[in-house]
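Enquirer: What follows is upload_25.cif, mmCIF, C-alpha atoms.
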```
data_work
loop_
_atom_site.group_PDB
_atom_site.id
_atom_site.type_symbol
_atom_site.label_atom_id
_atom_site.label_comp_id
_atom_site.auth_asym_id
_atom_site.auth_seq_id
_atom_site.Cartn_x
_atom_site.Cartn_y
_atom_site.Cartn_z
ATOM 1 C CA MET A 1 -3.983 10.562 -13.849
ATOM 2 C CA PHE A 2 -0.442 11.830 -13.540
ATOM 3 C CA ARG A 3 1.174 13.722 -16.382
ATOM 4 C CA ILE A 4 4.744 13.814 -15.147
ATOM 5 C CA GLY A 5 7.303 11.195 -16.072
ATOM 6 C CA ASP A 6 9.069 11.071 -12.742
ATOM 7 C CA THR A 7 9.953 7.897 -10.934
ATOM 8 C CA ILE A 8 9.173 8.265 -7.254
ATOM 9 C CA ASN A 9 11.561 6.604 -4.817
ATOM 10 C CA ALA A 10 9.974 5.601 -1.541
ATOM 11 C CA VAL A 11 10.741 3.342 1.350
ATOM 12 C CA ILE A 12 7.300 2.884 2.921
ATOM 13 C CA PRO A 13 6.498 -0.815 3.405
ATOM 14 C CA VAL A 14 4.035 -1.942 0.754
ATOM 15 C CA ASP A 15 1.675 -3.578 3.275
ATOM 16 C CA LEU A 16 1.467 -0.350 5.240
ATOM 17 C CA LEU A 17 0.941 1.740 2.116
ATOM 18 C CA GLU A 18 -1.823 -0.601 0.985
ATOM 19 C CA GLU A 19 -3.574 -0.509 4.370
ATOM 20 C CA TYR A 20 -3.339 3.273 4.751
ATOM 21 C CA GLY A 21 -4.166 3.864 1.102
ATOM 22 C CA LEU A 22 -7.295 1.738 1.237
ATOM 23 C CA HIS A 23 -8.548 3.577 4.307
ATOM 24 C CA TRP A 24 -7.757 6.959 2.718
ATOM 25 C CA VAL A 25 -9.509 6.160 -0.579
ATOM 26 C CA LYS A 26 -12.677 4.990 1.169
ATOM 27 C CA THR A 27 -12.750 7.882 3.645
ATOM 28 C CA GLU A 28 -11.935 10.550 1.072
ATOM 29 C CA ARG A 29 -14.498 9.186 -1.383
ATOM 30 C CA ASP A 30 -17.216 9.091 1.271
ATOM 31 C CA ALA A 31 -16.488 12.698 2.251
ATOM 32 C CA ARG A 32 -16.410 14.046 -1.311
ATOM 33 C CA TYR A 33 -19.060 12.043 -3.175
ATOM 34 C CA PRO A 34 -22.104 13.817 -1.681
ATOM 35 C CA ARG A 35 -20.689 17.202 -2.755
ATOM 36 C CA ALA A 36 -19.603 16.069 -6.205
ATOM 37 C CA ARG A 37 -21.753 16.600 -9.283
ATOM 38 C CA ARG A 38 -23.044 14.279 -11.956
ATOM 39 C CA LEU A 39 -21.546 14.390 -15.414
ATOM 40 C CA THR A 40 -23.199 17.020 -17.594
ATOM 41 C CA ALA A 41 -24.935 16.035 -20.823
ATOM 42 C CA GLU A 42 -22.003 17.587 -22.716
ATOM 43 C CA GLU A 43 -19.516 15.429 -20.800
ATOM 44 C CA GLN A 44 -21.601 12.276 -20.895
ATOM 45 C CA GLY A 45 -22.505 12.398 -24.591
ATOM 46 C CA PRO A 46 -19.052 11.622 -26.042
ATOM 47 C CA MET A 47 -18.491 8.919 -23.402
ATOM 48 C CA THR A 48 -21.768 7.054 -24.011
ATOM 49 C CA PRO A 49 -20.501 4.882 -26.893
ATOM 50 C CA PHE A 50 -17.626 3.653 -24.705
ATOM 51 C CA PHE A 51 -19.026 3.281 -21.184
ATOM 52 C CA SER A 52 -22.087 1.558 -19.765
ATOM 53 C CA PRO A 53 -24.984 3.690 -18.545
ATOM 54 C CA ALA A 54 -24.267 2.340 -15.039
ATOM 55 C CA ALA A 55 -20.681 3.636 -15.042
ATOM 56 C CA LEU A 56 -21.754 7.042 -16.318
ATOM 57 C CA ALA A 57 -24.651 7.270 -13.852
ATOM 58 C CA VAL A 58 -22.553 6.496 -10.771
ATOM 59 C CA ALA A 59 -19.552 8.695 -11.630
ATOM 60 C CA ARG A 60 -19.302 12.046 -9.908
ATOM 61 C CA ILE A 61 -16.969 14.975 -10.604
ATOM 62 C CA GLN A 62 -15.480 17.411 -8.136
ATOM 63 C CA HIS A 63 -13.249 20.240 -9.298
ATOM 64 C CA ILE A 64 -10.741 21.207 -6.630
ATOM 65 C CA PRO A 65 -7.701 23.500 -6.684
ATOM 66 C CA THR A 66 -5.175 20.652 -6.277
ATOM 67 C CA ILE A 67 -5.422 16.935 -5.582
ATOM 68 C CA PRO A 68 -4.635 16.531 -1.868
ATOM 69 C CA ASN A 69 -2.084 14.147 -0.499
ATOM 70 C CA PRO A 70 -3.431 11.627 2.019
ATOM 71 C CA ALA A 71 -3.394 12.853 5.620
ATOM 72 C CA PHE A 72 -1.267 9.852 6.614
ATOM 73 C CA TYR A 73 1.583 11.319 4.557
ATOM 74 C CA ASP A 74 2.130 13.793 7.421
ATOM 75 C CA THR A 75 3.248 10.932 9.658
ATOM 76 C CA LEU A 76 5.695 9.356 7.201
ATOM 77 C CA PRO A 77 8.692 11.638 7.837
ATOM 78 C CA GLN A 78 8.293 11.030 11.589
ATOM 79 C CA MET A 79 8.600 7.316 10.814
ATOM 80 C CA GLY A 80 11.667 7.956 8.670
ATOM 81 C CA LEU A 81 9.752 7.212 5.466
ATOM 82 C CA ALA A 82 9.605 9.129 2.201
ATOM 83 C CA ILE A 83 6.361 10.213 0.535
ATOM 84 C CA PRO A 84 5.649 7.556 -2.108
ATOM 85 C CA LEU A 85 3.558 9.439 -4.689
ATOM 86 C CA ASP A 86 2.820 13.169 -4.714
ATOM 87 C CA PHE A 87 -0.873 13.407 -5.545
ATOM 88 C CA SER A 88 -0.689 17.205 -5.699
ATOM 89 C CA ARG A 89 1.047 16.833 -9.070
ATOM 90 C CA MET A 90 -1.833 14.854 -10.593
ATOM 91 C CA TRP A 91 -4.384 16.201 -13.060
ATOM 92 C CA GLY A 92 -7.128 13.890 -11.833
ATOM 93 C CA LEU A 93 -7.727 11.130 -9.329
ATOM 94 C CA THR A 94 -10.522 8.600 -9.118
ATOM 95 C CA LEU A 95 -11.689 7.583 -5.683
ATOM 96 C CA ILE A 96 -13.917 4.607 -6.510
ATOM 97 C CA ASP A 97 -16.589 6.545 -8.436
ATOM 98 C CA CYS A 98 -15.714 10.099 -7.425
ATOM 99 C CA ILE A 99 -13.384 11.822 -9.872
ATOM 100 C CA LEU A 100 -11.310 14.704 -8.551
ATOM 101 C CA ILE A 101 -10.099 17.209 -11.144
ATOM 102 C CA ALA A 102 -7.189 19.536 -10.311
ATOM 103 C CA GLU A 103 -8.002 23.020 -11.543
ATOM 104 C CA SER A 104 -4.345 23.966 -11.050
ATOM 105 C CA LYS A 105 -3.549 21.541 -13.883
ATOM 106 C CA VAL A 106 -6.516 21.824 -16.266
ATOM 107 C CA GLY A 107 -7.982 25.253 -15.525
ATOM 108 C CA VAL A 108 -10.947 26.352 -13.456
ATOM 109 C CA GLY A 109 -14.073 24.438 -14.409
ATOM 110 C CA GLN A 110 -12.298 22.600 -17.240
ATOM 111 C CA LEU A 111 -12.501 18.866 -17.883
ATOM 112 C CA PRO A 112 -10.555 17.666 -20.935
ATOM 113 C CA ARG A 113 -12.294 14.720 -22.594
ATOM 114 C CA GLN A 114 -9.224 12.508 -22.605
ATOM 115 C CA LEU A 115 -8.766 13.083 -18.872
ATOM 116 C CA LEU A 116 -12.436 12.273 -18.227
ATOM 117 C CA PHE A 117 -12.098 9.126 -20.329
ATOM 118 C CA HIS A 118 -9.003 8.049 -18.382
ATOM 119 C CA GLU A 119 -10.684 8.562 -15.022
ATOM 120 C CA LEU A 120 -13.832 6.738 -16.179
ATOM 121 C CA VAL A 121 -11.638 3.751 -17.054
ATOM 122 C CA HIS A 122 -10.645 3.742 -13.380
ATOM 123 C CA VAL A 123 -14.333 3.836 -12.375
ATOM 124 C CA VAL A 124 -14.830 0.680 -14.462
ATOM 125 C CA GLN A 125 -11.718 -0.942 -12.973
ATOM 126 C CA TYR A 126 -13.049 -0.258 -9.474
ATOM 127 C CA GLN A 127 -16.435 -1.701 -10.452
ATOM 128 C CA LEU A 128 -14.888 -4.900 -11.793
ATOM 129 C CA LEU A 129 -12.260 -5.407 -9.089
ATOM 130 C CA GLY A 130 -13.883 -3.910 -6.026
ATOM 131 C CA VAL A 131 -12.133 -1.301 -3.915
ATOM 132 C CA ASP A 132 -9.885 -3.642 -1.932
ATOM 133 C CA ASP A 133 -8.554 -5.500 -4.975
ATOM 134 C CA PHE A 134 -8.119 -2.263 -6.977
ATOM 135 C CA ILE A 135 -5.988 -0.726 -4.223
ATOM 136 C CA HIS A 136 -4.089 -3.998 -3.743
ATOM 137 C CA ARG A 137 -3.240 -4.189 -7.452
ATOM 138 C CA TYR A 138 -2.455 -0.489 -7.676
ATOM 139 C CA VAL A 139 -0.036 -0.444 -4.745
ATOM 140 C CA ARG A 140 1.536 -3.813 -5.602
ATOM 141 C CA GLY A 141 1.821 -2.793 -9.254
ATOM 142 C CA TRP A 142 3.594 0.387 -8.239
ATOM 143 C CA ALA A 143 6.005 -1.487 -5.952
ATOM 144 C CA ALA A 144 6.692 -4.282 -8.443
ATOM 145 C CA ASN A 145 7.508 -1.801 -11.211
ATOM 146 C CA GLY A 146 10.239 0.214 -9.589
ATOM 147 C CA GLU A 147 7.865 2.584 -7.794
ATOM 148 C CA ASP A 148 7.266 4.177 -11.190
ATOM 149 C CA TYR A 149 3.770 5.618 -11.633
ATOM 150 C CA ASN A 150 3.985 5.248 -15.411
ATOM 151 C CA ARG A 151 4.501 1.478 -15.114
ATOM 152 C CA ILE A 152 1.621 0.665 -12.739
ATOM 153 C CA PRO A 153 -0.387 -1.892 -14.771
ATOM 154 C CA ILE A 154 -3.751 -0.341 -13.859
ATOM 155 C CA GLU A 155 -2.466 3.034 -15.082
ATOM 156 C CA VAL A 156 -0.912 1.528 -18.200
ATOM 157 C CA GLN A 157 -4.309 0.064 -19.080
ATOM 158 C CA ALA A 158 -6.083 3.392 -18.500
ATOM 159 C CA TYR A 159 -3.494 5.335 -20.519
ATOM 160 C CA THR A 160 -3.623 2.817 -23.357
ATOM 161 C CA LEU A 161 -7.396 3.117 -23.564
ATOM 162 C CA ASP A 162 -7.463 6.913 -23.221
ATOM 163 C CA GLN A 163 -4.908 7.167 -26.031
ATOM 164 C CA GLN A 164 -6.990 4.840 -28.192
ATOM 165 C CA TYR A 165 -9.990 7.080 -27.522
ATOM 166 C CA ALA A 166 -8.029 10.266 -28.273
ATOM 167 C CA ALA A 167 -6.738 8.846 -31.557
ATOM 168 C CA GLU A 168 -10.211 7.843 -32.789
ATOM 169 C CA PRO A 169 -13.015 9.290 -30.640
ATOM 170 C CA SER A 170 -15.578 8.401 -33.293
ATOM 171 C CA ARG A 171 -14.648 4.694 -33.181
ATOM 172 C CA PRO A 172 -16.363 3.247 -30.093
ATOM 173 C CA PHE A 173 -15.184 0.235 -28.169
ATOM 174 C CA PRO A 174 -16.699 -1.333 -25.034
ATOM 175 C CA VAL A 175 -14.387 -0.228 -22.224
ATOM 176 C CA LYS A 176 -15.871 -2.587 -19.641
ATOM 177 C CA GLU A 177 -15.349 -5.631 -21.878
ATOM 178 C CA VAL A 178 -11.812 -4.567 -22.839
ATOM 179 C CA VAL A 179 -10.884 -3.943 -19.205
ATOM 180 C CA ALA A 180 -12.471 -7.206 -18.040
ATOM 181 C CA ALA A 181 -10.676 -9.216 -20.726
ATOM 182 C CA THR A 182 -7.254 -8.036 -19.563
ATOM 183 C CA LEU A 183 -7.655 -7.610 -15.787
ATOM 184 C CA HIS A 184 -6.117 -11.014 -15.125
ATOM 185 C CA THR A 185 -2.843 -9.732 -16.566
ATOM 186 C CA LEU A 186 -2.636 -6.679 -14.298
#
```
Written as structure tokens, how would this file's structure read?

Expert:
Amino acid sequence: MFRIGDTINAVIPVDLLEEYGLHWVKTERDARYPRARRLTAEEQGPMTPFFSPAALAVARIQHIPTIPNPAFYDTLPQMGLAIPLDFSRMWGLTLIDCILIAESKVGVGQLPRQLLFHELVHVVQYQLLGVDDFIHRYVRGWAANGEDYNRIPIEVQAYTLDQQYAAEPSRPFPVKEVVAATLHTL
């Protein structure tokens, strides 16, 4: 989740970004998941009417000072390429089923419900699409929409649903079914 309205201009080839990004997501998730914690009862309770028990059971949370940029970003300037998306400015980031929360953005040990909801939507998207297709759609959606984070279809879907939740948290809707019904349009 990214709470800044900037458009990021980059020149990295989309195929390369997709390949490197996929490797980074899988590697970073595998390194962090064992150290991440389960959702607490207080976090899980408000999410239960919206998400399947399977999504809530698999999701893990790790609070970190700042979301790190991928290691491959260090090589981009040497290749004459700009950094495409500055992850260090994000509030949260979902790596398959491991949700990173930036304490520099939300406070130490804090996890706003709307942010958790947004990141859990990404967990569901990963479950439905698989990692490879999620990354493919994410990167291609970013490239096809002017390299604008706020126009990436997967993010638009997550923001739309988190805003629906925030507006009426006592009015449940089945996130998995809503996401599945519209994935073909992303």

Enquirer: Show which residues sit within 10 Å of region 57-65 of chain A, as a count of residues only. Count only C-alpha atoms, and ignore same-chain residues fewer than 5 positions away.

Expert: 36

Enquirer: From the list A:Gly45, A:Ile135, A:Gly146, A:Val179, which residue is nearest Asp15 (chain A) when using all atoms listed in the file?

Expert: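 Checking each of A:Gly45, A:Ile135, A:Gly146, A:Val179 against Asp15 (chain A), counting all atoms listed in the file, the winner is A:Ile135.
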
Enquirer: So what does the PyMOL selection byres ((chain A and resi 162) around 6) actually pick up in this one, as number ranges by chain?

Expert: A: 114, 117-118, 159-161, 163-165

Enquirer: Given the choices A:Leu17, A:His23, A:Phe50, A:Tyr149, which gets closest to Glu168 (chain A) if the distance is worked out from all atoms listed in the file?

Expert: A:Phe50

Enquirer: One number please: CA of Asp74 (chain A) to CA of Phe134 (chain A), in Å, one decimal.

Expert: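 Going from CA of Asp74 (chain A) over to CA of Phe134 (chain A), I get 23.9 Å.
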
Enquirer: Taking the file above as input, evaluate the PyMOL selection byres ((chain A and resi 141-145) around 12) and report the hits as a ChimeraX atom specification.

Expert: /A:7-15,17-18,84-85,133-140,146-157,185-186

Enquirer: Residues near Ala180 (chain A), anyone? I mean within 10 Å using all atoms listed in the file, not counting same-chain ones fewer than 4 positions away, as a list in words.

Expert: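 Returned residues: Val124, Gln125, Leu128, Leu129, Val175, Lys176 and His184 of chain A.
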
Enquirer: I'd like to know which of A:Ile83, A:Ala166, A:Ala71, A:Leu76 is closest to Leu115 (chain A), using all atoms listed in the file.

Expert: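 Checking each candidate against Leu115 (chain A), we get A:Ala166 as the closest.
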
Enquirer: Just the number, please: distance in Å from CA of Gly21 (chain A) to CA of Glu177 (chain A), one decimal.

Expert: 27.3 Å

Enquirer: Measuring atom to atom with all atoms listed in the file, identify which of A:Thr48, A:Gln78, A:Thr182, A:Asn69 is nearest to Glu28 (chain A).

Expert: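 Residue with the minimum atom-to-atom distance to Glu28 (chain A): A:Asn69.
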
Enquirer: Measuring between all atoms listed in the file, which one of A:Trp91, A:Phe51, A:Tyr126, A:Phe72 shows the shortest distance to Leu183 (chain A)?

Expert: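 When distances to Leu183 (chain A) are compared using all atoms listed in the file, the smallest one comes from A:Tyr126.
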
Enquirer: Between CA of Ala54 (chain A) and CA of Pro112 (chain A), what is the spacing in Å?

Expert: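 Between these atoms lies a distance of 21.4 Å.
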
Enquirer: Taking into account only C-alpha atoms, which residue in the set A:Met47, A:Glu19, A:Thr27, A:Ala41 is nearest to Phe173 (chain A)?

Expert: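 Of A:Met47, A:Glu19, A:Thr27, A:Ala41, the one nearest Phe173 (chain A) is A:Met47, counting only C-alpha atoms.
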
Enquirer: Quick one: region 44-74 of chain A with N, CA and C atoms, as a PDB file, keeping the file's coordinate frame?

Expert:
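The resulting rebuild-v1.pdb:
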```pdb
ATOM      1  N   GLN A  44     -21.139  13.651 -20.764  1.00  0.00           N
ATOM      2  CA  GLN A  44     -21.601  12.276 -20.895  1.00  0.00           C
ATOM      3  C   GLN A  44     -21.755  11.846 -22.352  1.00  0.00           C
ATOM      4  N   GLY A  45     -22.232  12.737 -23.188  1.00  0.00           N
ATOM      5  CA  GLY A  45     -22.505  12.398 -24.591  1.00  0.00           C
ATOM      6  C   GLY A  45     -21.366  11.693 -25.307  1.00  0.00           C
ATOM      7  N   PRO A  46     -20.166  12.276 -25.338  1.00  0.00           N
ATOM      8  CA  PRO A  46     -19.052  11.622 -26.042  1.00  0.00           C
ATOM      9  C   PRO A  46     -18.578  10.327 -25.391  1.00  0.00           C
ATOM     10  N   MET A  47     -18.922  10.119 -24.119  1.00  0.00           N
ATOM     11  CA  MET A  47     -18.491   8.919 -23.402  1.00  0.00           C
ATOM     12  C   MET A  47     -19.468   7.749 -23.571  1.00  0.00           C
ATOM     13  N   THR A  48     -20.704   8.063 -23.934  1.00  0.00           N
ATOM     14  CA  THR A  48     -21.768   7.054 -24.011  1.00  0.00           C
ATOM     15  C   THR A  48     -21.442   5.868 -24.913  1.00  0.00           C
ATOM     16  N   PRO A  49     -20.812   6.061 -26.066  1.00  0.00           N
ATOM     17  CA  PRO A  49     -20.501   4.882 -26.893  1.00  0.00           C
ATOM     18  C   PRO A  49     -19.436   3.954 -26.303  1.00  0.00           C
ATOM     19  N   PHE A  50     -18.744   4.405 -25.268  1.00  0.00           N
ATOM     20  CA  PHE A  50     -17.626   3.653 -24.705  1.00  0.00           C
ATOM     21  C   PHE A  50     -17.929   3.028 -23.345  1.00  0.00           C
ATOM     22  N   PHE A  51     -18.775   3.694 -22.569  1.00  0.00           N
ATOM     23  CA  PHE A  51     -19.026   3.281 -21.184  1.00  0.00           C
ATOM     24  C   PHE A  51     -20.482   2.908 -20.983  1.00  0.00           C
ATOM     25  N   SER A  52     -20.729   1.985 -20.069  1.00  0.00           N
ATOM     26  CA  SER A  52     -22.087   1.558 -19.765  1.00  0.00           C
ATOM     27  C   SER A  52     -22.854   2.699 -19.099  1.00  0.00           C
ATOM     28  N   PRO A  53     -24.174   2.695 -19.254  1.00  0.00           N
ATOM     29  CA  PRO A  53     -24.984   3.690 -18.545  1.00  0.00           C
ATOM     30  C   PRO A  53     -24.747   3.652 -17.034  1.00  0.00           C
ATOM     31  N   ALA A  54     -24.503   2.467 -16.483  1.00  0.00           N
ATOM     32  CA  ALA A  54     -24.267   2.340 -15.039  1.00  0.00           C
ATOM     33  C   ALA A  54     -22.999   3.076 -14.617  1.00  0.00           C
ATOM     34  N   ALA A  55     -21.935   2.948 -15.378  1.00  0.00           N
ATOM     35  CA  ALA A  55     -20.681   3.636 -15.042  1.00  0.00           C
ATOM     36  C   ALA A  55     -20.852   5.143 -15.125  1.00  0.00           C
ATOM     37  N   LEU A  56     -21.545   5.603 -16.153  1.00  0.00           N
ATOM     38  CA  LEU A  56     -21.754   7.042 -16.318  1.00  0.00           C
ATOM     39  C   LEU A  56     -22.700   7.598 -15.258  1.00  0.00           C
ATOM     40  N   ALA A  57     -23.675   6.801 -14.847  1.00  0.00           N
ATOM     41  CA  ALA A  57     -24.651   7.270 -13.852  1.00  0.00           C
ATOM     42  C   ALA A  57     -24.039   7.389 -12.460  1.00  0.00           C
ATOM     43  N   VAL A  58     -23.123   6.499 -12.118  1.00  0.00           N
ATOM     44  CA  VAL A  58     -22.553   6.496 -10.771  1.00  0.00           C
ATOM     45  C   VAL A  58     -21.404   7.495 -10.623  1.00  0.00           C
ATOM     46  N   ALA A  59     -20.727   7.814 -11.704  1.00  0.00           N
ATOM     47  CA  ALA A  59     -19.552   8.695 -11.630  1.00  0.00           C
ATOM     48  C   ALA A  59     -19.939  10.108 -11.213  1.00  0.00           C
ATOM     49  N   ARG A  60     -19.124  10.679 -10.358  1.00  0.00           N
ATOM     50  CA  ARG A  60     -19.302  12.046  -9.908  1.00  0.00           C
ATOM     51  C   ARG A  60     -17.990  12.803 -10.132  1.00  0.00           C
ATOM     52  N   ILE A  61     -18.113  14.115 -10.332  1.00  0.00           N
ATOM     53  CA  ILE A  61     -16.969  14.975 -10.604  1.00  0.00           C
ATOM     54  C   ILE A  61     -16.890  16.043  -9.520  1.00  0.00           C
ATOM     55  N   GLN A  62     -15.692  16.283  -9.037  1.00  0.00           N
ATOM     56  CA  GLN A  62     -15.480  17.411  -8.136  1.00  0.00           C
ATOM     57  C   GLN A  62     -14.213  18.136  -8.574  1.00  0.00           C
ATOM     58  N   HIS A  63     -14.394  19.393  -8.977  1.00  0.00           N
ATOM     59  CA  HIS A  63     -13.249  20.240  -9.298  1.00  0.00           C
ATOM     60  C   HIS A  63     -12.703  20.805  -7.993  1.00  0.00           C
ATOM     61  N   ILE A  64     -11.398  20.686  -7.821  1.00  0.00           N
ATOM     62  CA  ILE A  64     -10.741  21.207  -6.630  1.00  0.00           C
ATOM     63  C   ILE A  64      -9.450  21.901  -7.075  1.00  0.00           C
ATOM     64  N   PRO A  65      -8.921  22.789  -6.262  1.00  0.00           N
ATOM     65  CA  PRO A  65      -7.701  23.500  -6.684  1.00  0.00           C
ATOM     66  C   PRO A  65      -6.549  22.553  -7.019  1.00  0.00           C
ATOM     67  N   THR A  66      -6.276  21.606  -6.115  1.00  0.00           N
ATOM     68  CA  THR A  66      -5.175  20.652  -6.277  1.00  0.00           C
ATOM     69  C   THR A  66      -5.589  19.343  -5.626  1.00  0.00           C
ATOM     70  N   ILE A  67      -5.147  18.241  -6.191  1.00  0.00           N
ATOM     71  CA  ILE A  67      -5.422  16.935  -5.582  1.00  0.00           C
ATOM     72  C   ILE A  67      -4.652  16.881  -4.255  1.00  0.00           C
ATOM     73  N   PRO A  68      -5.333  16.567  -3.163  1.00  0.00           N
ATOM     74  CA  PRO A  68      -4.635  16.531  -1.868  1.00  0.00           C
ATOM     75  C   PRO A  68      -3.854  15.230  -1.670  1.00  0.00           C
ATOM     76  N   ASN A  69      -2.789  15.345  -0.938  1.00  0.00           N
ATOM     77  CA  ASN A  69      -2.084  14.147  -0.499  1.00  0.00           C
ATOM     78  C   ASN A  69      -2.848  13.550   0.677  1.00  0.00           C
ATOM     79  N   PRO A  70      -2.773  12.243   0.862  1.00  0.00           N
ATOM     80  CA  PRO A  70      -3.431  11.627   2.019  1.00  0.00           C
ATOM     81  C   PRO A  70      -2.901  12.200   3.331  1.00  0.00           C
ATOM     82  N   ALA A  71      -3.782  12.323   4.310  1.00  0.00           N
ATOM     83  CA  ALA A  71      -3.394  12.853   5.620  1.00  0.00           C
ATOM     84  C   ALA A  71      -2.289  12.009   6.262  1.00  0.00           C
ATOM     85  N   PHE A  72      -2.289  10.701   5.988  1.00  0.00           N
ATOM     86  CA  PHE A  72      -1.267   9.852   6.614  1.00  0.00           C
ATOM     87  C   PHE A  72       0.140  10.186   6.131  1.00  0.00           C
ATOM     88  N   TYR A  73       0.261  10.905   5.026  1.00  0.00           N
ATOM     89  CA  TYR A  73       1.583  11.319   4.557  1.00  0.00           C
ATOM     90  C   TYR A  73       2.293  12.177   5.601  1.00  0.00           C
ATOM     91  N   ASP A  74       1.532  12.930   6.401  1.00  0.00           N
ATOM     92  CA  ASP A  74       2.130  13.793   7.421  1.00  0.00           C
ATOM     93  C   ASP A  74       2.933  12.999   8.443  1.00  0.00           C
TER      94      ASP A  74
END
```
